[in-house]
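Novice: This is the structure, below, for whatever I ask next.
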Amino acid sequence: MRYYGKKAQLFEEVRNLSPKLEHLRLLVVGPVGAGKSTLINSIGSIFQGRLYQGALADTACDTSFTQKLQTQKIRDGDSEKFLPFVISDIMGLEGSASAAGVRVDDIIMVLQGHVRDGYRFIHSEPIKTDDGSYRPKPTLNKKVHCVVFIFPADKTAMMEHDEDGIIAKMREVRKGAAELKIPQVVVMTMVDKACPEVRRNLKMIYRSKKIEEKMQECSNKLGVPMNYVYPVKNYHEEIELRDDVDVLLLSALKPILAFANDHMQELESSPNLSRPNF
Ligand SMILES: Nc1nc2c(ncn2[C@@H]2O[C@H](COP(=O)(O)OP(=O)(O)O)[C@@H](O)[C@H]2O)c(=O)[nH]1
Ligand SMILES: [Mg+2]
């Protein structure tokens with residue numbers, strides 16, 4: 001794979017990152033259909049140099065498809081090596097009224113590294129400490145180093161009334177993550193759906209008033225500062241990679257990994273940080 005210009009620069013910076021641990025761990029959290037699986041696949045595509053499908057994306061997505069904790073490792077091109085980060089995906093955050101959807105207390109357990117991959121979330125009960133999937137003493141490697149909230153730009157209107165309680169749930173997760181001192185960012189997907197001008201030309205993204213408005217809404221409603229909200233477009237209909245799509249994705253990924261690395265170093269120097277008092 002040979003990339004050029006801005007893309008090459010970001011690409012090399014990300015793949016050459018060398019955290020002290022085996023890898024940094026990101027957790028994506030967001031409503032069903034927000035584009036979580038597609039984001040993981042889009043990032044995978046950049047490093048595979050072709051469209052990649054590690055996480056199953058669901059095109060008919062009213063209820064969650066991913067019901068268990070699933071962590072994706074991505075290979076660095078054709079080599080045996082993996083990238084210095086992994087991304088965990090959990091089932092969507094359907095609202096509290098729904099009989100499905102992952103519990104906030106379970107998500108906090110995931111943040112702390114207590115939940116093994118493959119665990120199937122049960123809406124009616126939290127993970128039990130005697131469950132085989134419960135990890136009593138997680139190492140630093142198993143903890144989440146950055147929480148990535150995913151929100152679709154074309155659905156910000158639903159944040160206003162929050163009828164199904166998704167925003168309230170995301171804010172609860174945010175609170176739990178803040179107590180654990182875990183950095184948090186928002187990745188705003190579907191920018192192509194929110195602004196026709198951006199759909200025609202992705203490079204207009206930072207000039208679009210509409211997108212800026214949507215980013216501001218995400219920031220206000222989720223309580224994440226505007227400079228930690230990253231707009232992206234995933235690969236959802238393309239048959240080949242595109243530089244503009246990749247640059248935008250890498251421009252989000254690079255600072256996210258830097259925050260994750262900062263947190264990992266903080267955890268290493270003060271292990272008590274990972275034990276909240278709630
Ligand atoms: N137009 C557009 N569609 C997207 C984007 N990201 C994801 N999708 C589509 O949205 C649907 C739901 O995505 P999925 O990744 O399964 O959502 P998840 O439930 O959060 O994992 C799929 O049909 C994707 O192809 C995007 O940035 N733009
Ligand atoms: Mg999914």
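Chain identifiers are assigned as A, B, and so on, following the order in which chains appear in the structure tokens; residues are numbered from 1 within each chain, and ligands are numbered from 1 in order of appearance.
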Show which residues sit within 8 Å of Leu257 (chain A), as JSON, numbers by chain. Count only C-alpha atoms, and ignore same-chain residues fewer than 2 positions away.
Specialist: {"A": [14, 24, 85, 146, 253, 254, 255, 259, 260, 261]}
Novice: So which residues of region 30-236 of chain A fall under alpha helix (DSSP H) by DSSP, listed as JSON, numbers by chain?
Specialist: {"A": [36, 37, 38, 39, 40, 41, 42, 43, 44, 45, 46, 47, 48, 104, 105, 106, 107, 108, 109, 110, 111, 157, 158, 159, 160, 161, 166, 167, 168, 169, 170, 171, 172, 173, 174, 175, 176, 177, 178, 179, 191, 192, 193, 194, 196, 197, 198, 199, 200, 209, 210, 211, 212, 213, 214, 215, 216, 217, 218, 219, 220, 221, 222]}
Novice: Please identify every polymer residue within 6 Å of ligand 1, using only C-alpha atoms and all ligand atoms, and present the set as a PyMOL selection string.
Specialist: chain A and resi 32-38+57-59+189-190+192-193+233-234+236
Novice: Can I get the selected residues back with C-alpha atoms, as a PDB file, in the first residue's frame?
Specialist:
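Contents of part_20.pdb, freshly written:
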ATOM      1  CA  VAL A  32     -28.715   1.322  16.965  1.00  0.00           C
ATOM      2  CA  GLY A  33     -28.063   2.300  13.361  1.00  0.00           C
ATOM      3  CA  ALA A  34     -25.664   5.132  14.278  1.00  0.00           C
ATOM      4  CA  GLY A  35     -22.943   3.590  12.122  1.00  0.00           C
ATOM      5  CA  LYS A  36     -20.762   1.992  14.808  1.00  0.00           C
ATOM      6  CA  SER A  37     -20.016  -1.221  12.936  1.00  0.00           C
ATOM      7  CA  THR A  38     -19.616   0.687   9.692  1.00  0.00           C
ATOM      8  CA  ALA A  57     -23.059  -3.811   9.748  1.00  0.00           C
ATOM      9  CA  ASP A  58     -26.798  -4.164   9.657  1.00  0.00           C
ATOM     10  CA  THR A  59     -28.577  -2.430   6.816  1.00  0.00           C
ATOM     11  CA  THR A 189     -21.471   9.963  11.319  1.00  0.00           C
ATOM     12  CA  MET A 190     -23.762  10.369   8.293  1.00  0.00           C
ATOM     13  CA  ASP A 192     -23.510  13.104   3.828  1.00  0.00           C
ATOM     14  CA  LYS A 193     -27.138  12.629   4.863  1.00  0.00           C
ATOM     15  CA  LYS A 233     -18.466   9.852   6.568  1.00  0.00           C
ATOM     16  CA  ASN A 234     -18.263   6.094   6.588  1.00  0.00           C
ATOM     17  CA  HIS A 236     -21.485   2.683   3.092  1.00  0.00           C
TER      18      HIS A 236
END
Novice: Determine the nearest neighbour of ligand 2 from the options A:Arg25, A:Lys68, A:Arg200, A:Lys155, counting only C-alpha atoms and all ligand atoms.
Specialist: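 Of A:Arg25, A:Lys68, A:Arg200, A:Lys155, the one nearest ligand 2, counting only C-alpha atoms and all ligand atoms, is A:Lys68.
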Novice: Would you list, as an MDAnalysis selection string, the residues of region 177-237 of chain A that end up in strand (DSSP E or B) under DSSP run on this structure's backbone?
Specialist: chainID A and resid 184:189 229:231
Novice: Of the residues A:Lys203, A:His114, A:Lys175, A:Arg135, which is the one nearest to Val191 (chain A), using only C-alpha atoms?
Specialist: A:Lys203
Novice: Residues near region 204-212 of chain A, anyone? I mean within 8 Å using only C-alpha atoms, not counting same-chain ones fewer than 5 positions away, as a PyMOL selection string.
Specialist: chain A and resi 153+191+194-195+197-198+231
Novice: Just C-alpha atoms for this one: save the residues we selected as a PDB file, in the first residue's frame.
Specialist:
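The resulting file, selection39.pdb, is shown below:
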ATOM      1  CA  ALA A 153     -25.787  13.872  12.028  1.00  0.00           C
ATOM      2  CA  VAL A 191     -22.594  13.881   7.433  1.00  0.00           C
ATOM      3  CA  ALA A 194     -27.253  15.834   6.886  1.00  0.00           C
ATOM      4  CA  CYS A 195     -25.930  18.207   4.228  1.00  0.00           C
ATOM      5  CA  GLU A 197     -23.407  20.130  -0.238  1.00  0.00           C
ATOM      6  CA  VAL A 198     -21.158  17.850   1.805  1.00  0.00           C
ATOM      7  CA  PRO A 231     -17.552  14.637  11.792  1.00  0.00           C
TER       8      PRO A 231
END
